[in-house]
file work07.cif (mmCIF, C-alpha atoms and all ligand atoms)
data_final
loop_
_atom_site.label_atom_id
_atom_site.label_comp_id
_atom_site.auth_asym_id
_atom_site.auth_seq_id
_atom_site.Cartn_x
_atom_site.Cartn_y
_atom_site.Cartn_z
CA MET A 1482 137.89 136.60 129.60
CA ILE A 1483 139.32 139.32 131.81
CA ALA A 1484 140.28 137.18 134.79
CA PRO A 1485 142.22 133.89 134.83
CA ALA A 1486 140.03 130.83 135.33
CA GLN A 1487 141.65 129.95 138.66
CA SER A 1488 140.95 133.40 140.09
CA LEU A 1489 139.32 134.12 143.37
CA VAL A 1490 136.99 136.89 142.26
CA ILE A 1491 135.66 139.32 144.87
CA VAL A 1492 132.85 141.71 144.00
CA GLY A 1493 132.79 144.96 146.00
CA SER A 1494 135.42 147.15 147.61
CA GLY A 1495 133.86 148.06 150.95
CA LEU A 1496 135.15 146.95 154.34
CA ALA A 1497 133.91 143.39 153.76
CA ALA A 1498 135.72 142.91 150.44
CA TRP A 1499 139.01 144.50 151.44
CA THR A 1500 139.04 142.70 154.80
CA VAL A 1501 138.68 139.34 153.04
CA VAL A 1502 141.57 140.29 150.76
CA LYS A 1503 143.79 141.23 153.71
CA GLU A 1504 142.89 138.14 155.75
CA PHE A 1505 143.24 135.77 152.77
CA ARG A 1506 146.65 137.16 151.81
CA LYS A 1507 147.91 136.40 155.35
CA LEU A 1508 147.26 132.73 154.52
CA ASP A 1509 147.81 132.50 150.77
CA ASP A 1510 150.03 134.77 148.68
CA GLN A 1511 149.76 132.72 145.48
CA THR A 1512 146.13 132.46 144.36
CA PRO A 1513 145.29 135.23 141.88
CA ILE A 1514 142.67 137.61 143.25
CA THR A 1515 140.56 139.84 141.02
CA LEU A 1516 138.50 142.53 142.74
CA VAL A 1517 135.63 143.95 140.72
CA THR A 1518 133.87 147.03 142.00
CA GLN A 1519 131.47 149.58 140.63
CA ASP A 1520 133.10 152.41 142.57
CA ASN A 1521 136.75 153.48 142.45
CA GLY A 1522 137.81 150.93 145.08
CA ASP A 1523 139.50 153.35 147.50
CA PHE A 1524 139.69 152.08 151.07
CA TYR A 1525 137.85 154.11 153.69
CA SER A 1526 136.01 153.50 156.92
CA LYS A 1527 132.32 153.86 156.15
CA PRO A 1528 131.28 154.62 159.78
CA MET A 1529 133.14 157.93 159.46
CA LEU A 1530 130.51 159.18 157.00
CA SER A 1531 128.21 160.13 159.86
CA ASN A 1532 130.71 162.04 162.00
CA ALA A 1533 132.99 163.68 159.46
CA LEU A 1534 131.15 166.96 158.79
CA SER A 1535 131.79 168.56 162.15
CA SER A 1536 135.50 167.87 161.79
CA GLY A 1537 135.40 169.47 158.32
CA LYS A 1538 136.55 166.34 156.47
CA THR A 1539 136.12 166.13 152.70
CA ALA A 1540 135.31 162.82 151.00
CA ALA A 1541 138.91 162.60 149.76
CA GLN A 1542 140.18 162.99 153.32
CA LEU A 1543 138.15 159.95 154.40
CA VAL A 1544 140.16 157.68 152.09
CA SER A 1545 142.94 156.05 154.07
CA THR A 1546 144.49 154.05 151.18
CA THR A 1547 143.87 154.42 147.46
CA SER A 1548 142.65 151.40 145.53
CA ALA A 1549 145.90 151.31 143.52
CA ALA A 1550 147.94 151.16 146.73
CA MET A 1551 145.64 148.48 148.21
CA ALA A 1552 145.86 146.40 145.02
CA GLY A 1553 149.66 146.75 144.95
CA GLN A 1554 150.10 145.82 148.63
CA HIS A 1555 147.92 142.73 148.40
CA GLY A 1556 148.69 141.50 144.88
CA VAL A 1557 145.18 142.08 143.57
CA LYS A 1558 144.07 142.66 139.98
CA LEU A 1559 141.71 145.60 140.35
CA MET A 1560 138.74 146.19 138.07
CA ALA A 1561 137.43 149.51 139.39
CA ASN A 1562 134.42 151.39 138.02
CA THR A 1563 133.14 148.04 136.74
CA GLU A 1564 129.62 146.88 137.49
CA VAL A 1565 128.81 143.19 137.74
CA THR A 1566 125.55 142.66 135.89
CA ALA A 1567 125.05 138.88 136.05
CA ILE A 1568 126.44 135.68 137.56
CA ASP A 1569 126.41 132.34 135.75
CA PRO A 1570 127.03 129.68 138.42
CA VAL A 1571 127.10 126.87 135.82
CA ALA A 1572 129.67 128.44 133.49
CA ARG A 1573 131.40 130.01 136.58
CA THR A 1574 131.53 133.43 135.00
CA ILE A 1575 130.37 136.90 135.85
CA SER A 1576 129.24 139.46 133.27
CA THR A 1577 130.54 142.95 133.89
CA SER A 1578 130.41 146.33 132.17
CA GLN A 1579 133.95 145.49 130.92
CA GLY A 1580 133.21 141.98 129.65
CA LYS A 1581 133.09 138.48 131.12
CA ALA A 1582 135.35 137.13 133.85
CA ALA A 1583 135.80 133.53 134.94
CA TYR A 1584 136.10 132.55 138.57
CA SER A 1585 136.98 129.42 140.43
CA ARG A 1586 135.50 130.90 143.60
CA LEU A 1587 133.36 134.02 143.82
CA VAL A 1588 132.84 136.25 146.86
CA LEU A 1589 129.90 138.67 146.90
CA ALA A 1590 130.52 141.68 149.17
CA LEU A 1591 127.88 143.88 147.56
CA GLY A 1592 126.68 145.86 150.60
CA ALA A 1593 123.21 147.34 150.95
CA ASP A 1594 121.23 150.13 149.30
CA ALA A 1595 119.72 153.01 151.22
CA VAL A 1596 115.94 152.58 151.30
CA ARG A 1597 114.18 155.29 149.25
CA LEU A 1598 110.79 156.49 150.47
CA PRO A 1599 108.10 157.00 147.81
CA LEU A 1600 107.81 160.78 148.25
CA GLN A 1601 105.56 163.15 146.31
CA GLY A 1602 106.36 166.69 145.16
CA ASP A 1603 108.38 168.43 142.47
CA ALA A 1604 111.60 168.29 144.53
CA ALA A 1605 111.35 164.69 145.77
CA ASP A 1606 114.45 163.86 143.72
CA ARG A 1607 116.48 166.31 145.81
CA VAL A 1608 116.30 164.05 148.88
CA LEU A 1609 119.76 162.66 149.58
CA SER A 1610 121.05 159.65 151.44
CA VAL A 1611 124.65 159.04 152.47
CA ASN A 1612 125.76 155.44 152.06
CA ASP A 1613 129.24 155.81 150.54
CA PHE A 1614 131.88 158.45 150.07
CA GLN A 1615 130.50 159.66 146.73
CA ASP A 1616 127.16 160.31 148.49
CA TYR A 1617 129.05 162.12 151.23
CA ALA A 1618 130.79 164.33 148.63
CA ALA A 1619 127.39 165.18 147.07
CA PHE A 1620 125.92 165.90 150.52
CA ARG A 1621 128.76 168.28 151.41
CA GLU A 1622 128.31 170.06 148.11
CA ARG A 1623 124.56 170.48 148.72
CA LEU A 1624 125.32 171.89 152.19
CA GLN A 1625 127.30 174.77 150.67
CA GLY A 1626 125.34 177.92 151.58
CA ALA A 1627 122.61 175.87 153.33
CA ARG A 1628 121.48 176.63 156.88
CA ARG A 1629 118.66 174.17 157.62
CA VAL A 1630 118.83 170.38 157.24
CA THR A 1631 115.98 167.93 157.78
CA VAL A 1632 116.85 164.34 158.59
CA ILE A 1633 114.18 161.73 157.84
CA GLY A 1634 114.50 158.91 160.37
CA ALA A 1635 115.66 158.90 164.00
CA GLY A 1636 117.43 155.55 163.88
CA LEU A 1637 121.14 155.04 164.40
CA ILE A 1638 122.32 156.73 161.22
CA GLY A 1639 119.74 159.54 161.43
CA CYS A 1640 120.71 160.38 165.02
CA GLU A 1641 124.41 160.29 164.22
CA PHE A 1642 123.94 162.69 161.30
CA ALA A 1643 121.67 164.95 163.40
CA ASN A 1644 124.37 165.18 166.06
CA ASP A 1645 127.12 165.79 163.49
CA LEU A 1646 125.10 168.43 161.63
CA ILE A 1647 124.20 170.34 164.78
CA ALA A 1648 127.86 170.25 165.86
CA ALA A 1649 128.79 171.59 162.42
CA GLY A 1650 126.51 174.60 162.98
CA TYR A 1651 123.37 173.71 160.98
CA GLU A 1652 119.75 173.98 162.12
CA VAL A 1653 118.49 170.41 162.30
CA ASP A 1654 114.97 168.95 162.19
CA VAL A 1655 114.38 165.21 162.53
CA VAL A 1656 111.11 163.66 161.37
CA ASP A 1657 110.15 160.13 162.47
CA PRO A 1658 106.84 158.24 162.77
CA GLY A 1659 107.94 156.77 166.12
CA THR A 1660 108.06 158.28 169.57
CA GLN A 1661 111.76 158.30 170.47
CA PRO A 1662 115.26 158.17 168.95
CA LEU A 1663 116.70 154.70 168.25
CA GLY A 1664 113.24 153.26 168.85
CA ARG A 1665 114.22 149.77 167.70
CA LEU A 1666 117.32 149.61 169.88
CA LEU A 1667 116.69 151.49 173.13
CA PRO A 1668 114.12 151.19 175.91
CA PRO A 1669 112.14 154.45 176.37
CA GLU A 1670 114.17 155.65 179.39
CA ALA A 1671 117.40 155.61 177.37
CA GLY A 1672 115.66 157.02 174.28
CA ASP A 1673 114.30 159.93 176.35
CA LEU A 1674 117.75 160.79 177.60
CA LEU A 1675 119.19 160.76 174.08
CA GLN A 1676 116.33 162.93 172.86
CA ARG A 1677 116.94 165.38 175.71
CA ALA A 1678 120.67 165.57 174.95
CA LEU A 1679 120.14 166.13 171.22
CA SER A 1680 117.31 168.63 171.86
CA ASP A 1681 119.52 170.54 174.31
CA ALA A 1682 122.13 170.70 171.55
CA GLY A 1683 119.48 172.25 169.27
CA VAL A 1684 117.93 169.35 167.30
CA ARG A 1685 114.15 169.72 166.76
CA PHE A 1686 112.27 166.41 166.71
CA HIS A 1687 108.92 165.87 164.97
CA TRP A 1688 107.46 162.59 166.30
CA GLY A 1689 104.51 160.55 165.11
CA THR A 1690 104.60 161.86 161.56
CA SER A 1691 106.37 161.38 158.27
CA VAL A 1692 107.42 163.38 155.22
CA GLN A 1693 104.92 162.96 152.41
CA ALA A 1694 106.05 165.50 149.82
CA VAL A 1695 109.03 167.70 149.03
CA HIS A 1696 108.31 170.92 147.14
CA ALA A 1697 110.68 173.47 145.66
CA HIS A 1698 110.25 176.81 147.38
CA PRO A 1699 111.75 180.22 146.54
CA GLU A 1700 113.90 179.99 149.68
CA GLY A 1701 114.83 176.32 149.68
CA LEU A 1702 112.50 173.36 150.11
CA GLN A 1703 109.17 172.87 151.80
CA LEU A 1704 108.22 169.52 153.29
CA ALA A 1705 104.61 168.45 153.68
CA LEU A 1706 104.23 166.24 156.74
CA ALA A 1707 101.53 163.63 157.24
CA ASN A 1708 100.22 165.56 160.28
CA GLY A 1709 99.34 168.50 158.02
CA LEU A 1710 102.25 170.71 159.08
CA HIS A 1711 104.86 172.15 156.74
CA LEU A 1712 108.57 172.37 157.37
CA ASP A 1713 110.90 174.81 155.59
CA THR A 1714 114.38 173.48 155.00
CA ASP A 1715 117.34 173.67 152.62
CA VAL A 1716 118.61 170.08 152.47
CA VAL A 1717 116.84 166.77 153.15
CA LEU A 1718 118.76 163.69 154.22
CA SER A 1719 116.92 160.38 154.29
CA ALA A 1720 118.14 157.80 156.81
CA VAL A 1721 115.33 155.26 156.90
CA GLY A 1722 117.26 152.03 156.61
CA LEU A 1723 119.24 149.80 154.31
CA ARG A 1724 118.25 146.90 152.07
CA PRO A 1725 120.84 144.21 151.21
CA ARG A 1726 121.71 144.18 147.47
CA THR A 1727 120.34 140.72 146.71
CA ALA A 1728 119.16 141.27 143.09
CA LEU A 1729 122.23 139.75 141.37
CA ALA A 1730 122.15 136.69 143.60
CA LYS A 1731 118.40 136.23 143.16
CA ALA A 1732 118.69 136.45 139.37
CA ALA A 1733 121.42 133.79 139.49
CA GLY A 1734 119.14 131.47 141.47
CA LEU A 1735 120.94 131.77 144.82
CA GLN A 1736 118.85 131.46 147.95
CA THR A 1737 118.00 134.84 149.47
CA ALA A 1738 115.86 135.96 152.39
CA GLN A 1739 116.50 139.37 153.92
CA GLY A 1740 120.07 139.00 152.60
CA ILE A 1741 121.92 136.37 150.56
CA VAL A 1742 121.59 133.24 152.68
CA VAL A 1743 124.95 131.75 153.71
CA ASN A 1744 126.07 129.02 156.08
CA ARG A 1745 128.79 129.24 158.75
CA GLN A 1746 131.45 128.98 156.01
CA LEU A 1747 129.82 132.01 154.29
CA GLN A 1748 128.86 129.68 151.45
CA THR A 1749 125.69 130.48 149.49
CA SER A 1750 123.31 127.86 148.12
CA GLU A 1751 125.70 127.60 145.12
CA GLN A 1752 128.95 125.81 145.72
CA ASP A 1753 131.94 128.14 145.29
CA ILE A 1754 129.93 131.32 145.67
CA TYR A 1755 130.25 133.09 149.01
CA ALA A 1756 128.79 136.25 150.53
CA LEU A 1757 129.56 138.44 153.54
CA GLY A 1758 129.04 141.91 154.95
CA ASP A 1759 125.83 143.91 154.70
CA VAL A 1760 124.56 141.75 151.83
CA ALA A 1761 124.73 138.43 153.70
CA GLU A 1762 122.44 136.68 156.14
CA VAL A 1763 123.80 133.97 158.43
CA GLU A 1764 121.26 131.72 160.16
CA GLY A 1765 118.70 134.54 160.21
CA HIS A 1766 121.21 137.19 161.30
CA SER A 1767 121.48 140.12 158.90
CA LEU A 1768 123.81 142.48 160.78
CA PRO A 1769 124.86 145.65 158.93
CA TYR A 1770 127.79 146.54 161.19
CA VAL A 1771 131.58 146.38 161.08
CA MET A 1772 132.27 143.77 163.78
CA PRO A 1773 130.16 140.99 162.19
CA LEU A 1774 131.86 141.46 158.82
CA MET A 1775 135.30 141.30 160.45
CA HIS A 1776 134.45 137.93 162.01
CA ALA A 1777 132.97 136.75 158.72
CA ALA A 1778 136.01 137.88 156.71
CA ARG A 1779 138.42 135.94 158.96
CA THR A 1780 136.31 132.80 158.77
CA LEU A 1781 135.88 133.05 155.01
CA ALA A 1782 139.59 133.68 154.42
CA ALA A 1783 140.48 130.60 156.46
CA HIS A 1784 137.90 128.48 154.62
CA LEU A 1785 139.12 129.69 151.20
CA ALA A 1786 142.69 128.87 152.25
CA GLY A 1787 141.64 125.29 152.95
CA GLN A 1788 141.41 125.46 156.74
CA ALA A 1789 138.49 124.16 158.78
CA ALA A 1790 136.61 127.26 159.87
CA SER A 1791 133.12 128.01 161.10
CA LEU A 1792 131.68 131.44 161.84
CA ARG A 1793 131.02 132.41 165.45
CA TYR A 1794 129.46 135.69 166.43
CA PRO A 1795 130.19 136.80 169.98
CA ALA A 1796 127.97 139.54 171.41
CA MET A 1797 128.90 142.65 169.45
CA PRO A 1798 127.72 145.89 171.10
CA VAL A 1799 127.28 148.87 168.78
CA VAL A 1800 128.76 152.22 169.79
CA VAL A 1801 126.43 155.01 168.61
CA LYS A 1802 128.38 158.08 167.51
CA THR A 1803 126.29 160.72 169.31
CA PRO A 1804 128.78 162.79 171.32
CA ALA A 1805 125.85 164.78 172.80
CA LEU A 1806 125.15 161.57 174.75
CA PRO A 1807 127.37 158.50 174.32
CA VAL A 1808 125.28 155.35 173.72
CA VAL A 1809 126.32 151.69 173.53
CA VAL A 1810 123.74 149.07 172.76
CA SER A 1811 123.73 145.32 172.46
CA PRO A 1812 120.15 144.52 171.51
CA PRO A 1813 118.75 141.11 172.47
CA ALA A 1814 118.61 138.65 169.55
CA PRO A 1815 115.32 138.92 167.60
CA GLY A 1816 112.52 136.90 169.15
CA VAL A 1817 114.13 136.20 172.55
CA SER A 1818 111.81 136.86 175.45
CA GLY A 1819 112.66 138.75 178.60
CA GLN A 1820 112.34 142.24 180.02
CA TRP A 1821 114.28 145.44 180.47
CA GLN A 1822 115.56 146.24 183.96
CA ILE A 1823 116.29 149.93 184.10
CA GLU A 1824 118.52 151.99 186.36
CA ALA A 1825 117.78 155.56 185.32
CA ARG A 1826 119.74 158.45 186.80
CA THR A 1827 119.69 162.14 185.84
CA ASP A 1828 122.45 161.89 183.25
CA ASP A 1829 122.71 158.24 182.38
CA VAL A 1830 120.74 155.04 182.02
CA GLU A 1831 121.88 151.46 182.48
CA ALA A 1832 119.31 149.11 180.96
CA ARG A 1833 119.77 145.35 181.07
CA PHE A 1834 117.60 143.02 179.04
CA VAL A 1835 117.17 139.92 181.20
CA GLY A 1836 115.64 136.54 180.35
CA HIS A 1837 113.10 134.73 182.56
CA ASP A 1838 115.95 132.78 184.18
CA GLY A 1839 117.74 136.02 185.10
CA ALA A 1840 120.41 135.68 182.40
CA LEU A 1841 121.66 138.87 180.76
CA LEU A 1842 120.61 138.88 177.07
CA GLY A 1843 121.30 142.46 176.02
CA PHE A 1844 121.93 145.95 177.28
CA ALA A 1845 121.66 149.64 176.48
CA LEU A 1846 123.97 152.12 178.18
CA THR A 1847 123.99 155.90 177.92
CA GLY A 1848 126.21 158.62 179.33
CA LYS A 1849 128.61 157.57 182.08
CA ALA A 1850 127.07 154.10 182.19
CA THR A 1851 128.81 153.34 178.87
CA THR A 1852 131.96 152.65 180.91
CA ASN A 1853 130.26 149.38 182.00
CA LYS A 1854 130.25 148.05 178.44
CA THR A 1855 133.21 145.68 178.76
CA ALA A 1856 132.05 144.20 182.06
CA LEU A 1857 128.52 143.56 180.77
CA GLN A 1858 129.67 142.31 177.37
CA LYS A 1859 131.58 139.46 179.05
CA ASN A 1860 128.30 138.13 180.45
CA LEU A 1861 126.35 138.17 177.22
CA PRO A 1862 125.69 134.95 175.32
CA ALA A 1863 127.21 134.55 171.85
CA LEU A 1864 124.87 135.43 168.96
CA LEU A 1865 126.17 132.41 167.05
CA ALA A 1866 127.85 130.00 169.39
C1 LIG A 1901 126.58 156.54 157.67
C2 LIG A 1901 126.92 155.19 158.21
C3 LIG A 1901 127.48 155.06 159.47
C4 LIG A 1901 127.79 153.82 159.98
N1 LIG A 1901 128.31 153.72 161.25
C5 LIG A 1901 128.64 152.50 161.73
C6 LIG A 1901 129.23 152.38 163.03
O1 LIG A 1901 129.45 153.37 163.72
N2 LIG A 1901 129.58 151.13 163.47
C7 LIG A 1901 129.36 150.02 162.71
O2 LIG A 1901 129.68 148.91 163.15
N3 LIG A 1901 128.77 150.11 161.49
C8 LIG A 1901 128.43 151.32 160.98
N4 LIG A 1901 127.88 151.42 159.74
C9 LIG A 1901 127.68 150.18 158.95
C10 LIG A 1901 129.01 149.71 158.30
O3 LIG A 1901 129.67 150.84 157.77
C11 LIG A 1901 128.69 148.70 157.23
O4 LIG A 1901 128.16 147.56 157.89
C12 LIG A 1901 129.90 148.25 156.41
O5 LIG A 1901 130.69 149.33 156.00
C13 LIG A 1901 129.40 147.44 155.20
O6 LIG A 1901 130.48 147.06 154.40
P1 LIG A 1901 130.25 146.16 153.11
O7 LIG A 1901 131.61 145.98 152.53
O8 LIG A 1901 129.42 144.98 153.42
O9 LIG A 1901 129.35 147.06 152.14
P2 LIG A 1901 129.69 148.40 151.34
O10 LIG A 1901 130.64 149.26 152.05
O11 LIG A 1901 128.36 148.99 150.97
O12 LIG A 1901 130.39 147.90 150.01
C14 LIG A 1901 129.69 147.34 148.94
C15 LIG A 1901 130.59 147.37 147.72
O13 LIG A 1901 129.98 146.63 146.67
C16 LIG A 1901 130.09 147.36 145.46
N5 LIG A 1901 129.03 146.89 144.57
C17 LIG A 1901 127.71 146.79 144.84
N6 LIG A 1901 127.05 146.28 143.79
C18 LIG A 1901 127.97 146.04 142.82
C19 LIG A 1901 127.92 145.51 141.50
N7 LIG A 1901 126.77 145.09 140.95
N8 LIG A 1901 129.07 145.43 140.80
C20 LIG A 1901 130.26 145.81 141.34
N9 LIG A 1901 130.36 146.31 142.59
C21 LIG A 1901 129.25 146.42 143.32
C22 LIG A 1901 129.99 148.80 145.91
O14 LIG A 1901 130.49 149.69 144.94
C23 LIG A 1901 130.85 148.76 147.18
O15 LIG A 1901 132.21 148.87 146.85
C24 LIG A 1901 127.55 152.65 159.20
C25 LIG A 1901 126.99 152.78 157.92
C26 LIG A 1901 126.68 154.02 157.42
C27 LIG A 1901 126.07 154.15 156.04
#

call {"tool": "encode", "arguments": {"input": "work07.cif", "output": "structure tokens"}}
result
Amino acid sequence: MIAPAQSLVIVGSGLAAWTVVKEFRKLDDQTPITLVTQDNGDFYSKPMLSNALSSGKTAAQLVSTTSAAMAGQHGVKLMANTEVTAIDPVARTISTSQGKAAYSRLVLALGADAVRLPLQGDAADRVLSVNDFQDYAAFRERLQGARRVTVIGAGLIGCEFANDLIAAGYEVDVVDPGTQPLGRLLPPEAGDLLQRALSDAGVRFHWGTSVQAVHAHPEGLQLALANGLHLDTDVVLSAVGLRPRTALAKAAGLQTAQGIVVNRQLQTSEQDIYALGDVAEVEGHSLPYVMPLMHAARTLAAHLAGQAASLRYPAMPVVVKTPALPVVVSPPAPGVSGQWQIEARTDDVEARFVGHDGALLGFALTGKATTNKTALQKNLPALLA
């Protein structure tokens, strides 16, 4: 066994895992912690991946603290470059690429995988996605000598990369089957304004179509679109969504839905196994953002330290990193009914999503209207009260 039986074992080394470590150590400096991660465990802020190119940052420059320094500061036994391949909830062990480890309590902070589209063509395997700093390093390398980049997907991550790439001096095409940027988050008036700002900056949008095939071409790559058109490009970045990494949990018999299902103590269907971050789903909420995992990490740390704790989610607006047009959005909870009330001006939009009783349930702000975020946020209901 490569971890003591009384260990708290944490799998992953993203923001969720390291935040649990930090929060738990504030309450308990005795319990042995083993952190097992398939990457090198360095601490970095993942949101920076989509706005680091224009400031010329390398992957190494995104790392704020090395894994060795993090482990030393927080008294953690680090098992880096170690993949967890199975969980045995009965024996309370995990199997890893370095052997078995026992746990008394296990925390799964496994994150989410970038969704891969089933693309045709002899260069389909050259489509990249950027979901961690190794991906970012590979992306930067592929951009060496490139001029044209095509982004697949005009959601939050696609728009952020499009803005960053155009600011870094590339020619940028964005292909999306929808009709506007951030289609799932913004009402059309706000989406139009964002499209205008990104188009003015030079981004070319291709709406109502999708990439079907990627072919090698003497001067780069050629994309075949579903509308019959072809697009010449050098680098293709796919940003079509994330899927929680539930396979390990499923194979171990834990309850999963969109993510690993946990209760307000972040406890899975197996006693003494917990999950948080992008991989977890709490009462139907699967929220792949930083603020939810911070709340979850504090609650979990308190629970693991023996305190009574129950997760609450306040409203957590998301700041979209599109400097061409600042956007802040707090989408209404899935399934709530109401309607958008829009105040559209030339350079900004203030959109409030209001329930039938007039209560504010969400908002989308662009441009100067983003300064109203704090005032509006105070009036939003909690996501998990
Ligand atoms: C480009 C980009 C921009 C973003 N921008 C924002 C933003 O502006 N604001 C915001 O709120 N959110 C943003 N997000 C989302 C936010 O970054 C994530 O919600 C958060 O970082 C997820 O952290 P995590 O620890 O749950 O997962 P991850 O960071 O994915 O960590 C998962 C960890 O698990 C490890 N792992 C997985 N499987 C195994 C295994 N079998 N064995 C061992 N280890 C394993 C991985 O190596 C990794 O260390 C962005 C995300 C991306 C990709």

call {"tool": "residues_around", "arguments": {"input": "work07.cif", "residues": "segment 1602-1619 of chain A", "least_positions_apart": "5", "cutoff": "7 Å", "atoms": "all atoms listed in the file", "output": "ChimeraX atom specification"}}
result
/A:1527,1530,1539-1540,1595,1694-1697,1717-1720

call {"tool": "closest_residue", "arguments": {"input": "work07.cif", "among": "A:Arg1573, A:His1687, A:Arg1833, A:Arg1629", "to": "Lys1854 of chain A", "atoms": "all atoms listed in the file"}}
result
A:Arg1833

call {"tool": "atom_distance", "arguments": {"input": "work07.cif", "atom1": "atom CA of Trp1688 of chain A", "atom2": "atom CA of Asn1644 of chain A"}}
result
17.1 Å

call {"tool": "residues_near_ligand", "arguments": {"input": "work07.cif", "ligand": "ligand LIG 1901 (chain A)", "cutoff": "7 Å", "atoms": "all atoms listed in the file", "output": "JSON, numbers by chain"}}
result
{"A": [1492, 1493, 1494, 1495, 1496, 1497, 1498, 1517, 1518, 1519, 1520, 1522, 1526, 1527, 1528, 1529, 1530, 1531, 1563, 1564, 1565, 1566, 1590, 1591, 1592, 1593, 1611, 1612, 1613, 1638, 1726, 1757, 1758, 1759, 1760, 1769, 1770, 1771, 1772, 1774, 1799, 1800, 1801, 1802]}

call {"tool": "atom_distance", "arguments": {"input": "work07.cif", "atom1": "atom CA of Ser1791 of chain A", "atom2": "atom CA of Ala1777 of chain A"}}
result
9.1 Å

call {"tool": "residues_around", "arguments": {"input": "work07.cif", "residues": "Arg1826 of chain A", "least_positions_apart": "3", "cutoff": "10 Å", "atoms": "all atoms listed in the file", "output": "VMD selection string"}}
result
chain A and resid 1670 1674 1823 1829 to 1831 1848 1850

call {"tool": "write_last_selection", "arguments": {"input": "work07.cif", "atoms": "C-alpha atoms", "output": "short mmCIF file (atom, residue, chain, number, x, y, z; two decimals), in the frame of the given file"}}
result
data_model
loop_
_atom_site.label_atom_id
_atom_site.label_comp_id
_atom_site.auth_asym_id
_atom_site.auth_seq_id
_atom_site.Cartn_x
_atom_site.Cartn_y
_atom_site.Cartn_z
CA GLU A 1670 114.17 155.65 179.39
CA LEU A 1674 117.75 160.79 177.60
CA ILE A 1823 116.29 149.93 184.10
CA ASP A 1829 122.71 158.24 182.38
CA VAL A 1830 120.74 155.04 182.02
CA GLU A 1831 121.88 151.46 182.48
CA GLY A 1848 126.21 158.62 179.33
CA ALA A 1850 127.07 154.10 182.19
#

call {"tool": "closest_residue", "arguments": {"input": "work07.cif", "among": "A:Gly1701, A:Ala1845, A:Leu1646, A:Ala1856", "to": "Gly1664 of chain A", "atoms": "all atoms listed in the file"}}
result
A:Ala1845

call {"tool": "atom_distance", "arguments": {"input": "work07.cif", "atom1": "atom CA of Asp1523 of chain A", "atom2": "atom CA of Leu1559 of chain A"}}
result
10.8 Å

call {"tool": "residues_around", "arguments": {"input": "work07.cif", "residues": "Pro1513 of chain A", "least_positions_apart": "6", "cutoff": "8 Å", "atoms": "all atoms listed in the file", "output": "JSON, numbers by chain"}}
result
{"A": [1485, 1487, 1488, 1489, 1556, 1557, 1558]}

call {"tool": "closest_residue", "arguments": {"input": "work07.cif", "among": "A:Glu1764, A:Trp1499, A:Glu1504, A:Leu1667", "to": "Leu1785 of chain A", "atoms": "all atoms listed in the file"}}
result
A:Glu1504

call {"tool": "closest_residue", "arguments": {"input": "work07.cif", "among": "A:Phe1686, A:Ala1649, A:Thr1737, A:Ala1707", "to": "Pro1662 of chain A", "atoms": "only C-alpha atoms"}}
result
A:Phe1686

call {"tool": "closest_residue", "arguments": {"input": "work07.cif", "among": "A:Pro1599, A:Gly1636, A:Gly1672, A:Gly1537", "to": "Arg1621 of chain A", "atoms": "all atoms listed in the file"}}
result
A:Gly1537

call {"tool": "build_atoms", "arguments": {"input": "work07.cif", "residues": "segment 1790-1799 of chain A", "atoms": "N, CA and C atoms", "output": "tab-separated table (two decimals), in the frame of the given file"}}
result
chain	number	residue	atom	x	y	z
A	1790	ALA	N	137.01	126.01	159.20
A	1790	ALA	CA	136.61	127.26	159.87
A	1790	ALA	C	135.09	127.34	159.89
A	1791	SER	N	134.57	127.86	160.97
A	1791	SER	CA	133.12	128.01	161.10
A	1791	SER	C	132.84	129.32	161.82
A	1792	LEU	N	131.93	130.10	161.29
A	1792	LEU	CA	131.68	131.44	161.84
A	1792	LEU	C	131.06	131.38	163.23
A	1793	ARG	N	131.61	132.18	164.13
A	1793	ARG	CA	131.02	132.41	165.45
A	1793	ARG	C	130.79	133.90	165.56
A	1794	TYR	N	129.67	134.28	166.11
A	1794	TYR	CA	129.46	135.69	166.43
A	1794	TYR	C	129.42	135.80	167.95
A	1795	PRO	N	130.37	136.48	168.55
A	1795	PRO	CA	130.19	136.80	169.98
A	1795	PRO	C	129.14	137.91	170.09
A	1796	ALA	N	128.81	138.34	171.28
A	1796	ALA	CA	127.97	139.54	171.41
A	1796	ALA	C	128.79	140.71	170.88
A	1797	MET	N	128.15	141.56	170.08
A	1797	MET	CA	128.90	142.65	169.45
A	1797	MET	C	128.18	143.98	169.68
A	1798	PRO	N	128.41	144.61	170.83
A	1798	PRO	CA	127.72	145.89	171.10
A	1798	PRO	C	128.07	146.94	170.04
A	1799	VAL	N	127.10	147.80	169.77
A	1799	VAL	CA	127.28	148.87	168.78
A	1799	VAL	C	127.45	150.19	169.52
